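What's in structure.pdb: PDB, C-alpha atoms, pLDDT in the B column
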ATOM      1  CA  MET M 627     -72.513 -73.344 -48.723  1.00 61.00           C
ATOM      2  CA  SER M 628     -74.713 -74.688 -51.495  1.00 69.00           C
ATOM      3  CA  GLN M 629     -73.771 -77.733 -53.545  1.00 67.00           C
ATOM      4  CA  GLN M 630     -73.343 -75.489 -56.589  1.00 70.00           C
ATOM      5  CA  ASN M 631     -70.927 -73.220 -54.704  1.00 72.00           C
ATOM      6  CA  VAL M 632     -68.927 -76.227 -53.464  1.00 65.00           C
ATOM      7  CA  GLN M 633     -68.630 -77.516 -57.019  1.00 71.00           C
ATOM      8  CA  SER M 634     -67.543 -74.067 -58.209  1.00 87.00           C
ATOM      9  CA  GLU M 635     -64.810 -73.904 -55.545  1.00 89.00           C
ATOM     10  CA  VAL M 636     -63.482 -77.340 -56.481  1.00 90.00           C
ATOM     11  CA  LEU M 637     -63.397 -76.464 -60.173  1.00 93.00           C
ATOM     12  CA  LYS M 638     -61.716 -73.146 -59.357  1.00 93.00           C
ATOM     13  CA  VAL M 639     -58.923 -74.906 -57.456  1.00 94.00           C
ATOM     14  CA  LEU M 640     -58.437 -77.345 -60.322  1.00 94.00           C
ATOM     15  CA  ALA M 641     -58.279 -74.523 -62.861  1.00 92.00           C
ATOM     16  CA  GLU M 642     -55.861 -72.423 -60.789  1.00 92.00           C
ATOM     17  CA  ARG M 643     -53.363 -75.150 -59.974  1.00 94.00           C
ATOM     18  CA  HIS M 644     -50.213 -74.564 -62.005  1.00 94.00           C
ATOM     19  CA  SER M 645     -46.647 -75.670 -61.422  1.00 95.00           C
ATOM     20  CA  VAL M 646     -44.646 -73.080 -59.478  1.00 95.00           C
ATOM     21  CA  LYS M 647     -40.854 -73.071 -59.465  1.00 95.00           C
ATOM     22  CA  GLU M 648     -40.166 -69.899 -57.486  1.00 96.00           C
ATOM     23  CA  TYR M 649     -41.054 -69.892 -53.789  1.00 97.00           C
ATOM     24  CA  GLN M 650     -40.707 -67.561 -50.843  1.00 97.00           C
ATOM     25  CA  PRO M 651     -37.546 -68.999 -49.243  1.00 95.00           C
ATOM     26  CA  GLY M 652     -37.435 -69.545 -45.507  1.00 94.00           C
ATOM     27  CA  HIS M 653     -41.165 -70.105 -45.071  1.00 96.00           C
ATOM     28  CA  LYS M 654     -41.901 -72.763 -42.460  1.00 96.00           C
ATOM     29  CA  MET M 655     -45.120 -74.640 -43.123  1.00 97.00           C
ATOM     30  CA  PRO M 656     -47.258 -75.112 -39.991  1.00 97.00           C
ATOM     31  CA  LYS M 657     -47.600 -78.758 -39.016  1.00 97.00           C
ATOM     32  CA  GLU M 658     -51.390 -78.597 -39.247  1.00 98.00           C
ATOM     33  CA  HIS M 659     -51.148 -77.507 -42.887  1.00 98.00           C
ATOM     34  CA  LEU M 660     -48.697 -80.267 -43.766  1.00 98.00           C
ATOM     35  CA  ASP M 661     -50.840 -82.835 -41.982  1.00 98.00           C
ATOM     36  CA  GLN M 662     -53.950 -81.644 -43.852  1.00 98.00           C
ATOM     37  CA  ILE M 663     -52.204 -81.959 -47.210  1.00 98.00           C
ATOM     38  CA  LEU M 664     -50.983 -85.478 -46.430  1.00 98.00           C
ATOM     39  CA  LEU M 665     -54.326 -86.572 -44.972  1.00 98.00           C
ATOM     40  CA  SER M 666     -56.036 -85.412 -48.158  1.00 98.00           C
ATOM     41  CA  ALA M 667     -53.486 -87.287 -50.267  1.00 98.00           C
ATOM     42  CA  VAL M 668     -54.134 -90.609 -48.559  1.00 98.00           C
ATOM     43  CA  GLN M 669     -57.853 -90.316 -49.345  1.00 98.00           C
ATOM     44  CA  ALA M 670     -56.976 -91.051 -52.977  1.00 98.00           C
ATOM     45  CA  PRO M 671     -58.428 -94.188 -54.558  1.00 98.00           C
ATOM     46  CA  SER M 672     -56.219 -97.252 -54.967  1.00 98.00           C
ATOM     47  CA  ALA M 673     -56.548-100.715 -56.478  1.00 98.00           C
ATOM     48  CA  TRP M 674     -57.977-103.152 -53.911  1.00 97.00           C
ATOM     49  CA  ASN M 675     -57.615-100.245 -51.450  1.00 97.00           C
ATOM     50  CA  LEU M 676     -54.025-101.360 -50.881  1.00 98.00           C
ATOM     51  CA  GLN M 677     -52.854 -97.729 -50.675  1.00 98.00           C
ATOM     52  CA  HIS M 678     -49.655 -98.186 -52.671  1.00 98.00           C
ATOM     53  CA  TRP M 679     -47.848 -95.062 -51.434  1.00 98.00           C
ATOM     54  CA  LYS M 680     -45.228 -93.814 -49.037  1.00 98.00           C
ATOM     55  CA  PHE M 681     -44.212 -90.183 -48.547  1.00 98.00           C
ATOM     56  CA  VAL M 682     -40.755 -88.945 -47.578  1.00 98.00           C
ATOM     57  CA  VAL M 683     -41.374 -85.498 -46.128  1.00 98.00           C
ATOM     58  CA  ILE M 684     -38.217 -83.398 -46.514  1.00 98.00           C
ATOM     59  CA  GLU M 685     -38.510 -80.275 -44.377  1.00 97.00           C
ATOM     60  CA  GLU M 686     -35.078 -79.697 -42.866  1.00 97.00           C
ATOM     61  CA  GLN M 687     -32.925 -77.382 -44.932  1.00 97.00           C
ATOM     62  CA  ALA M 688     -29.902 -79.657 -44.601  1.00 98.00           C
ATOM     63  CA  TYR M 689     -31.795 -82.496 -46.269  1.00 98.00           C
ATOM     64  CA  LYS M 690     -33.123 -80.174 -48.969  1.00 98.00           C
ATOM     65  CA  GLU M 691     -29.531 -79.115 -49.639  1.00 98.00           C
ATOM     66  CA  LYS M 692     -28.591 -82.789 -49.854  1.00 98.00           C
ATOM     67  CA  LEU M 693     -31.406 -83.372 -52.343  1.00 98.00           C
ATOM     68  CA  HIS M 694     -30.564 -80.289 -54.420  1.00 98.00           C
ATOM     69  CA  PRO M 695     -27.777 -81.823 -56.570  1.00 98.00           C
ATOM     70  CA  ILE M 696     -29.720 -85.105 -56.847  1.00 98.00           C
ATOM     71  CA  ALA M 697     -32.513 -83.053 -58.450  1.00 98.00           C
ATOM     72  CA  TYR M 698     -30.037 -81.477 -60.881  1.00 98.00           C
ATOM     73  CA  GLY M 699     -29.864 -78.163 -59.053  1.00 98.00           C
ATOM     74  CA  GLN M 700     -33.524 -77.186 -59.363  1.00 97.00           C
ATOM     75  CA  LYS M 701     -33.889 -74.208 -57.049  1.00 96.00           C
ATOM     76  CA  GLN M 702     -37.397 -75.071 -55.896  1.00 97.00           C
ATOM     77  CA  ILE M 703     -35.850 -77.915 -53.906  1.00 98.00           C
ATOM     78  CA  VAL M 704     -34.105 -75.519 -51.529  1.00 98.00           C
ATOM     79  CA  GLU M 705     -36.545 -72.580 -51.697  1.00 97.00           C
ATOM     80  CA  SER M 706     -39.837 -74.401 -51.112  1.00 98.00           C
ATOM     81  CA  SER M 707     -41.243 -74.991 -47.636  1.00 98.00           C
ATOM     82  CA  VAL M 708     -41.150 -78.754 -48.025  1.00 98.00           C
ATOM     83  CA  VAL M 709     -40.339 -81.345 -50.651  1.00 98.00           C
ATOM     84  CA  ILE M 710     -42.394 -84.510 -50.620  1.00 98.00           C
ATOM     85  CA  ALA M 711     -40.940 -87.552 -52.322  1.00 98.00           C
ATOM     86  CA  VAL M 712     -43.785 -89.785 -53.456  1.00 98.00           C
ATOM     87  CA  LEU M 713     -42.879 -93.465 -53.477  1.00 98.00           C
ATOM     88  CA  GLY M 714     -44.824 -96.394 -54.885  1.00 98.00           C
ATOM     89  CA  ASP M 715     -45.131 -99.590 -52.855  1.00 98.00           C
ATOM     90  CA  LEU M 716     -43.915-102.625 -54.800  1.00 98.00           C
ATOM     91  CA  GLU M 717     -45.138-104.904 -52.016  1.00 98.00           C
ATOM     92  CA  ALA M 718     -48.570-103.432 -51.419  1.00 98.00           C
ATOM     93  CA  ASN M 719     -49.900-106.990 -51.260  1.00 98.00           C
ATOM     94  CA  LYS M 720     -48.530-107.005 -47.708  1.00 97.00           C
ATOM     95  CA  ASN M 721     -51.245-104.481 -46.817  1.00 98.00           C
ATOM     96  CA  VAL M 722     -54.025-107.047 -47.216  1.00 97.00           C
ATOM     97  CA  GLU M 723     -54.320-107.859 -43.517  1.00 96.00           C
ATOM     98  CA  PRO M 724     -54.220-104.278 -42.176  1.00 96.00           C
ATOM     99  CA  VAL M 725     -56.715-103.156 -44.828  1.00 96.00           C
ATOM    100  CA  PHE M 726     -59.195-106.033 -44.818  1.00 97.00           C
ATOM    101  CA  GLY M 727     -58.672-107.514 -41.346  1.00 97.00           C
ATOM    102  CA  PRO M 728     -60.525-104.728 -39.482  1.00 97.00           C
ATOM    103  CA  LEU M 729     -63.435-104.981 -41.943  1.00 97.00           C
ATOM    104  CA  VAL M 730     -63.811-108.686 -41.202  1.00 97.00           C
ATOM    105  CA  ALA M 731     -63.466-108.112 -37.440  1.00 97.00           C
ATOM    106  CA  ALA M 732     -66.182-105.424 -37.569  1.00 97.00           C
ATOM    107  CA  GLY M 733     -68.521-107.661 -39.545  1.00 97.00           C
ATOM    108  CA  HIS M 734     -68.398-105.480 -42.658  1.00 96.00           C
ATOM    109  CA  MET M 735     -66.763-108.114 -44.852  1.00 96.00           C
ATOM    110  CA  PRO M 736     -67.174-111.907 -44.858  1.00 97.00           C
ATOM    111  CA  LYS M 737     -63.924-113.758 -44.209  1.00 97.00           C
ATOM    112  CA  GLU M 738     -64.536-115.749 -47.380  1.00 97.00           C
ATOM    113  CA  LEU M 739     -64.511-112.551 -49.436  1.00 97.00           C
ATOM    114  CA  LYS M 740     -61.329-111.374 -47.751  1.00 97.00           C
ATOM    115  CA  ASP M 741     -59.651-114.714 -48.509  1.00 97.00           C
ATOM    116  CA  SER M 742     -60.822-114.554 -52.117  1.00 97.00           C
ATOM    117  CA  LEU M 743     -59.450-111.033 -52.553  1.00 97.00           C
ATOM    118  CA  ALA M 744     -56.189-112.014 -50.887  1.00 97.00           C
ATOM    119  CA  GLY M 745     -55.822-114.853 -53.370  1.00 97.00           C
ATOM    120  CA  GLN M 746     -56.441-112.535 -56.317  1.00 97.00           C
ATOM    121  CA  ILE M 747     -53.909-110.048 -55.007  1.00 98.00           C
ATOM    122  CA  GLU M 748     -51.216-112.631 -54.331  1.00 97.00           C
ATOM    123  CA  GLY M 749     -51.728-114.028 -57.815  1.00 98.00           C
ATOM    124  CA  ALA M 750     -51.317-110.604 -59.383  1.00 97.00           C
ATOM    125  CA  TYR M 751     -48.212-109.842 -57.336  1.00 98.00           C
ATOM    126  CA  GLN M 752     -46.413-112.883 -58.695  1.00 97.00           C
ATOM    127  CA  HIS M 753     -45.689-110.635 -61.679  1.00 98.00           C
ATOM    128  CA  PRO M 754     -43.109-107.881 -60.962  1.00 97.00           C
ATOM    129  CA  GLN M 755     -44.412-105.708 -63.803  1.00 98.00           C
ATOM    130  CA  VAL M 756     -47.899-105.717 -62.279  1.00 98.00           C
ATOM    131  CA  ALA M 757     -46.458-104.701 -58.904  1.00 98.00           C
ATOM    132  CA  ARG M 758     -44.481-101.865 -60.493  1.00 98.00           C
ATOM    133  CA  ASP M 759     -47.366-100.642 -62.638  1.00 98.00           C
ATOM    134  CA  GLU M 760     -49.728-100.591 -59.668  1.00 98.00           C
ATOM    135  CA  ALA M 761     -47.160 -98.870 -57.451  1.00 98.00           C
ATOM    136  CA  ILE M 762     -46.641 -96.030 -59.928  1.00 98.00           C
ATOM    137  CA  ARG M 763     -50.291 -95.740 -60.986  1.00 98.00           C
ATOM    138  CA  ASN M 764     -51.742 -95.567 -57.492  1.00 98.00           C
ATOM    139  CA  ALA M 765     -49.010 -93.409 -55.966  1.00 98.00           C
ATOM    140  CA  SER M 766     -49.596 -90.964 -58.826  1.00 98.00           C
ATOM    141  CA  LEU M 767     -53.262 -90.691 -57.857  1.00 98.00           C
ATOM    142  CA  ALA M 768     -52.204 -89.753 -54.334  1.00 98.00           C
ATOM    143  CA  ALA M 769     -49.651 -87.271 -55.693  1.00 98.00           C
ATOM    144  CA  MET M 770     -52.285 -85.435 -57.716  1.00 98.00           C
ATOM    145  CA  GLN M 771     -54.625 -85.312 -54.750  1.00 98.00           C
ATOM    146  CA  LEU M 772     -51.793 -83.942 -52.620  1.00 98.00           C
ATOM    147  CA  MET M 773     -51.196 -81.086 -55.065  1.00 98.00           C
ATOM    148  CA  ILE M 774     -54.883 -80.194 -55.252  1.00 97.00           C
ATOM    149  CA  ALA M 775     -55.148 -80.204 -51.449  1.00 98.00           C
ATOM    150  CA  ALA M 776     -52.114 -77.934 -51.188  1.00 98.00           C
ATOM    151  CA  LYS M 777     -53.640 -75.465 -53.644  1.00 97.00           C
ATOM    152  CA  ALA M 778     -56.955 -75.526 -51.761  1.00 96.00           C
ATOM    153  CA  ILE M 779     -55.288 -74.251 -48.578  1.00 97.00           C
ATOM    154  CA  GLY M 780     -53.124 -71.622 -50.250  1.00 96.00           C
ATOM    155  CA  TYR M 781     -49.917 -73.380 -51.306  1.00 98.00           C
ATOM    156  CA  ASP M 782     -48.413 -73.984 -54.703  1.00 97.00           C
ATOM    157  CA  THR M 783     -46.584 -77.054 -55.929  1.00 98.00           C
ATOM    158  CA  CYS M 784     -44.414 -78.454 -58.683  1.00 97.00           C
ATOM    159  CA  PRO M 785     -44.187 -82.167 -59.533  1.00 98.00           C
ATOM    160  CA  MET M 786     -40.681 -83.168 -60.600  1.00 98.00           C
ATOM    161  CA  GLY M 787     -39.492 -86.187 -62.513  1.00 97.00           C
ATOM    162  CA  GLY M 788     -36.087 -84.666 -63.159  1.00 97.00           C
ATOM    163  CA  TYR M 789     -33.844 -86.239 -60.532  1.00 98.00           C
ATOM    164  CA  ASP M 790     -31.377 -89.101 -60.209  1.00 98.00           C
ATOM    165  CA  ALA M 791     -33.605 -91.834 -58.794  1.00 98.00           C
ATOM    166  CA  VAL M 792     -30.712 -94.256 -58.201  1.00 98.00           C
ATOM    167  CA  ARG M 793     -28.781 -91.671 -56.219  1.00 98.00           C
ATOM    168  CA  PHE M 794     -31.903 -90.614 -54.340  1.00 98.00           C
ATOM    169  CA  ILE M 795     -32.535 -94.209 -53.279  1.00 98.00           C
ATOM    170  CA  LYS M 796     -28.960 -94.549 -52.037  1.00 98.00           C
ATOM    171  CA  GLU M 797     -28.570 -91.224 -50.253  1.00 98.00           C
ATOM    172  CA  PHE M 798     -32.016 -91.208 -48.636  1.00 98.00           C
ATOM    173  CA  ASN M 799     -31.917 -94.886 -47.640  1.00 98.00           C
ATOM    174  CA  ILE M 800     -35.041 -95.882 -49.573  1.00 98.00           C
ATOM    175  CA  PRO M 801     -35.902 -99.554 -48.909  1.00 98.00           C
ATOM    176  CA  GLU M 802     -36.119-101.924 -51.891  1.00 98.00           C
ATOM    177  CA  ARG M 803     -39.848-102.202 -51.267  1.00 98.00           C
ATOM    178  CA  TYR M 804     -40.416 -98.726 -52.729  1.00 98.00           C
ATOM    179  CA  VAL M 805     -39.913 -97.128 -56.139  1.00 98.00           C
ATOM    180  CA  PRO M 806     -39.506 -93.340 -56.434  1.00 98.00           C
ATOM    181  CA  VAL M 807     -42.392 -91.876 -58.455  1.00 98.00           C
ATOM    182  CA  MET M 808     -41.853 -88.119 -58.238  1.00 98.00           C
ATOM    183  CA  LEU M 809     -40.728 -85.228 -56.064  1.00 98.00           C
ATOM    184  CA  ILE M 810     -43.227 -82.474 -55.231  1.00 98.00           C
ATOM    185  CA  SER M 811     -42.132 -79.070 -53.997  1.00 98.00           C
ATOM    186  CA  VAL M 812     -44.693 -77.268 -51.828  1.00 98.00           C
ATOM    187  CA  GLY M 813     -44.579 -73.658 -50.675  1.00 98.00           C
ATOM    188  CA  LEU M 814     -45.741 -70.095 -51.061  1.00 98.00           C
ATOM    189  CA  ALA M 815     -45.252 -68.775 -54.576  1.00 96.00           C
ATOM    190  CA  ALA M 816     -42.775 -65.906 -54.942  1.00 96.00           C
ATOM    191  CA  THR M 817     -44.177 -65.012 -58.357  1.00 89.00           C
ATOM    192  CA  PRO M 818     -47.544 -65.967 -59.849  1.00 83.00           C
ATOM    193  CA  ALA M 819     -47.672 -69.205 -61.785  1.00 84.00           C
ATOM    194  CA  ARG M 820     -47.720 -68.925 -65.548  1.00 81.00           C
ATOM    195  CA  PRO M 821     -50.569 -70.992 -67.011  1.00 82.00           C
ATOM    196  CA  SER M 822     -49.340 -73.384 -69.665  1.00 87.00           C
ATOM    197  CA  PRO M 823     -51.328 -73.961 -72.861  1.00 91.00           C
ATOM    198  CA  ARG M 824     -53.526 -77.021 -73.061  1.00 93.00           C
ATOM    199  CA  LEU M 825     -54.494 -78.952 -76.170  1.00 96.00           C
ATOM    200  CA  ALA M 826     -58.114 -78.605 -77.243  1.00 96.00           C
ATOM    201  CA  LEU M 827     -60.495 -81.337 -76.115  1.00 96.00           C
ATOM    202  CA  ASP M 828     -60.985 -82.556 -79.668  1.00 94.00           C
ATOM    203  CA  GLN M 829     -57.238 -83.206 -79.807  1.00 96.00           C
ATOM    204  CA  VAL M 830     -57.149 -85.385 -76.729  1.00 97.00           C
ATOM    205  CA  THR M 831     -60.467 -87.197 -76.743  1.00 97.00           C
ATOM    206  CA  VAL M 832     -61.916 -89.964 -78.877  1.00 96.00           C
ATOM    207  CA  SER M 833     -65.606 -90.798 -78.926  1.00 95.00           C
ATOM    208  CA  ASN M 834     -66.176 -94.473 -78.197  1.00 97.00           C
ATOM    209  CA  THR M 835     -63.356 -95.919 -80.325  1.00 96.00           C
ATOM    210  CA  PHE M 836     -60.512 -94.963 -82.639  1.00 96.00           C
TER
END
Could you quickly redo this structure as structure tokens?
Amino acid sequence: MSQQNVQSEVLKVLAERHSVKEYQPGHKMPKEHLDQILLSAVQAPSAWNLQHWKFVVIEEQAYKEKLHPIAYGQKQIVESSVVIAVLGDLEANKNVEPVFGPLVAAGHMPKELKDSLAGQIEGAYQHPQVARDEAIRNASLAAMQLMIAAKAIGYDTCPMGGYDAVRFIKEFNIPERYVPVMLISVGLAATPARPSPRLALDQVTVSNTF
């Protein structure tokens, strides 16, 4: 496939991704498809490459039923093939050693650089607001990549911010280290997605400065 065709396919997937709220109930997603979606998600960029995300993969119907009232009765929770809760890591600074250690051991990064980066990261993580901002920002990058990957292999998705985060944390035993960012339903659409209108570029862009 030529480079131009590859670019066209990517742009086509981006243009055709719309939120879907009606799914074919009872569809079981093959493990290889779920793994591909998640593997694509974790290729997302992240600050310092700390990979500030955790995914709770909710496949079993009993757990989707448990989540249903927490998500205010949204039917895509119980009808979709899987719901993925995207969490942001408030303690991503703890990933320094697993991320940078192998690079130093392989000779790809000087130990002095690793130590310098570790110092910068620890300094930043002294501020809870920085930790929270980075957790949400970087987990959101992974969430978007997850949805695009799902669309690329034939699934539709819907990101959801409408749920009781406090209750979700309690009933799904989410450790204090993580903050819920969003829920994403994934499945086979029962009805075609309805494209939503988008503001014109001149309404959402500014050249150089306000």
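Residue neighbourhood of His653 in chain M, excluding near-sequence residues (fewer than 3 positions): Tyr649, Gln650, Glu705, Ser706, Ser707, Gly813 and Leu814 of chain M, at 9 Å, using all atoms listed in the file.
Residue nearest Cys784 in chain M within the list M:Ser742, M:Ser811, M:Gln687, M:Gln752: M:Ser811 [criterion: smallest interatomic distance, only C-alpha atoms].
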Q: Within 12 Å of Gly780 in chain M, counting all atoms listed in the file, which residues show up once you throw out same-chain ones fewer than 5 positions away? Write them as number ranges by chain, please.
A: M: 639, 642-643, 655, 659-660, 662-663, 773-775, 812-815
**Q.** One-decimal distance in Å that lies between CA of Asp661 in chain M and CA of Gly714 in chain M
**A.** 19.7 Å
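The nearest approach to Leu772 in chain M among the residues M:Ala667, M:Ile684, M:Ala819, M:Leu637, with all atoms listed in the file taken into account, belongs to M:Ala667.
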Q) Can you tell me, as an MDAnalysis selection string, which residues sit within 12 Å of (-31.5, -79.5, -52.2) in the file's frame, using only C-alpha atoms? A) chainID M and resid 684:709 789 794 809 811
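Nearest residue to Asn675 in chain M, choosing from M:Val722, M:Ala757, M:Glu717, M:Gly652 and counting only C-alpha atoms: M:Val722.
Here CA of Leu827 in chain M is placed at a distance of 22.5 Å from CA of Gln771 in chain M.
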Which residues fall under the PyMOL selection byres ((chain M and resi 677) around 12) in this file, as a PDB file with C-alpha atoms, in the coordinates of the input?
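Contents of the output file expr.pdb:
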ATOM      1  CA  ALA M 667     -53.486 -87.287 -50.267  1.00 98.00           C
ATOM      2  CA  VAL M 668     -54.134 -90.609 -48.559  1.00 98.00           C
ATOM      3  CA  GLN M 669     -57.853 -90.316 -49.345  1.00 98.00           C
ATOM      4  CA  ALA M 670     -56.976 -91.051 -52.977  1.00 98.00           C
ATOM      5  CA  PRO M 671     -58.428 -94.188 -54.558  1.00 98.00           C
ATOM      6  CA  SER M 672     -56.219 -97.252 -54.967  1.00 98.00           C
ATOM      7  CA  ALA M 673     -56.548-100.715 -56.478  1.00 98.00           C
ATOM      8  CA  TRP M 674     -57.977-103.152 -53.911  1.00 97.00           C
ATOM      9  CA  ASN M 675     -57.615-100.245 -51.450  1.00 97.00           C
ATOM     10  CA  LEU M 676     -54.025-101.360 -50.881  1.00 98.00           C
ATOM     11  CA  HIS M 678     -49.655 -98.186 -52.671  1.00 98.00           C
ATOM     12  CA  TRP M 679     -47.848 -95.062 -51.434  1.00 98.00           C
ATOM     13  CA  LYS M 680     -45.228 -93.814 -49.037  1.00 98.00           C
ATOM     14  CA  PHE M 681     -44.212 -90.183 -48.547  1.00 98.00           C
ATOM     15  CA  LEU M 713     -42.879 -93.465 -53.477  1.00 98.00           C
ATOM     16  CA  GLY M 714     -44.824 -96.394 -54.885  1.00 98.00           C
ATOM     17  CA  ASP M 715     -45.131 -99.590 -52.855  1.00 98.00           C
ATOM     18  CA  LEU M 716     -43.915-102.625 -54.800  1.00 98.00           C
ATOM     19  CA  GLU M 717     -45.138-104.904 -52.016  1.00 98.00           C
ATOM     20  CA  ALA M 718     -48.570-103.432 -51.419  1.00 98.00           C
ATOM     21  CA  ASN M 719     -49.900-106.990 -51.260  1.00 98.00           C
ATOM     22  CA  LYS M 720     -48.530-107.005 -47.708  1.00 97.00           C
ATOM     23  CA  ASN M 721     -51.245-104.481 -46.817  1.00 98.00           C
ATOM     24  CA  VAL M 722     -54.025-107.047 -47.216  1.00 97.00           C
ATOM     25  CA  PRO M 724     -54.220-104.278 -42.176  1.00 96.00           C
ATOM     26  CA  VAL M 725     -56.715-103.156 -44.828  1.00 96.00           C
ATOM     27  CA  PHE M 726     -59.195-106.033 -44.818  1.00 97.00           C
ATOM     28  CA  GLU M 760     -49.728-100.591 -59.668  1.00 98.00           C
ATOM     29  CA  ALA M 761     -47.160 -98.870 -57.451  1.00 98.00           C
ATOM     30  CA  ILE M 762     -46.641 -96.030 -59.928  1.00 98.00           C
ATOM     31  CA  ARG M 763     -50.291 -95.740 -60.986  1.00 98.00           C
ATOM     32  CA  ASN M 764     -51.742 -95.567 -57.492  1.00 98.00           C
ATOM     33  CA  ALA M 765     -49.010 -93.409 -55.966  1.00 98.00           C
ATOM     34  CA  SER M 766     -49.596 -90.964 -58.826  1.00 98.00           C
ATOM     35  CA  LEU M 767     -53.262 -90.691 -57.857  1.00 98.00           C
ATOM     36  CA  ALA M 768     -52.204 -89.753 -54.334  1.00 98.00           C
TER      37      ALA M 768
END
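Note that CA of Glu748 in chain M and CA of Pro728 in chain M are 19.2 Å apart.
Proximity to Val805 in chain M was assessed for M:Leu743, M:Leu640, M:Val712, M:Val756 counting all atoms listed in the file; the smallest distance is recorded for M:Val712.
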Q.
With distances taken over only C-alpha atoms, which residue among M:Leu739, M:Ala778, M:Val730, M:Val682 lies nearest Met808 in chain M?
A. M:Val682
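Each of M:Ala769, M:Leu729, M:Met735, M:Ala750 was compared to Leu665 in chain M using all atoms listed in the file, and M:Ala769 turns out to be the nearest.
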Write a file for range 636-649 of chain M, containing N, CA, C and O atoms (output as a compact mmCIF listing (two decimals), in the first residue's frame).
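In the end it all went to out26.txt:
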# COMPACT_ATOMS: atom_id res chain seq x y z
N VAL M 636 -6.07 6.34 7.21
CA VAL M 636 -6.03 6.94 8.55
C VAL M 636 -7.04 8.08 8.65
O VAL M 636 -7.82 8.17 9.60
N LEU M 637 -7.04 8.95 7.65
CA LEU M 637 -7.96 10.09 7.67
C LEU M 637 -9.41 9.61 7.58
O LEU M 637 -10.31 10.22 8.18
N LYS M 638 -9.64 8.53 6.85
CA LYS M 638 -10.99 7.98 6.73
C LYS M 638 -11.49 7.48 8.09
O LYS M 638 -12.64 7.72 8.47
N VAL M 639 -10.64 6.78 8.81
CA VAL M 639 -11.01 6.28 10.14
C VAL M 639 -11.32 7.46 11.07
O VAL M 639 -12.31 7.44 11.81
N LEU M 640 -10.48 8.48 11.03
CA LEU M 640 -10.71 9.65 11.87
C LEU M 640 -12.04 10.32 11.54
O LEU M 640 -12.78 10.73 12.44
N ALA M 641 -12.34 10.42 10.25
CA ALA M 641 -13.58 11.09 9.83
C ALA M 641 -14.81 10.26 10.16
O ALA M 641 -15.89 10.82 10.43
N GLU M 642 -14.68 8.94 10.17
CA GLU M 642 -15.84 8.07 10.37
C GLU M 642 -16.09 7.70 11.83
O GLU M 642 -17.10 7.08 12.14
N ARG M 643 -15.17 8.06 12.71
CA ARG M 643 -15.40 7.74 14.12
C ARG M 643 -16.43 8.71 14.70
O ARG M 643 -16.25 9.91 14.74
N HIS M 644 -17.55 8.14 15.14
CA HIS M 644 -18.59 8.91 15.83
C HIS M 644 -19.02 8.11 17.05
O HIS M 644 -18.88 6.88 17.09
N SER M 645 -19.54 8.79 18.04
CA SER M 645 -20.01 8.10 19.23
C SER M 645 -21.25 7.29 18.93
O SER M 645 -22.20 7.79 18.31
N VAL M 646 -21.25 6.03 19.34
CA VAL M 646 -22.37 5.11 19.12
C VAL M 646 -22.93 4.68 20.48
O VAL M 646 -22.17 4.28 21.37
N LYS M 647 -24.25 4.78 20.61
CA LYS M 647 -24.88 4.44 21.89
C LYS M 647 -25.79 3.22 21.80
O LYS M 647 -26.34 2.80 22.81
N GLU M 648 -25.94 2.67 20.60
CA GLU M 648 -26.75 1.47 20.43
C GLU M 648 -25.89 0.37 19.81
O GLU M 648 -25.37 0.53 18.70
N TYR M 649 -25.75 -0.73 20.56
CA TYR M 649 -24.87 -1.82 20.13
C TYR M 649 -25.66 -3.12 19.95
O TYR M 649 -26.77 -3.27 20.47
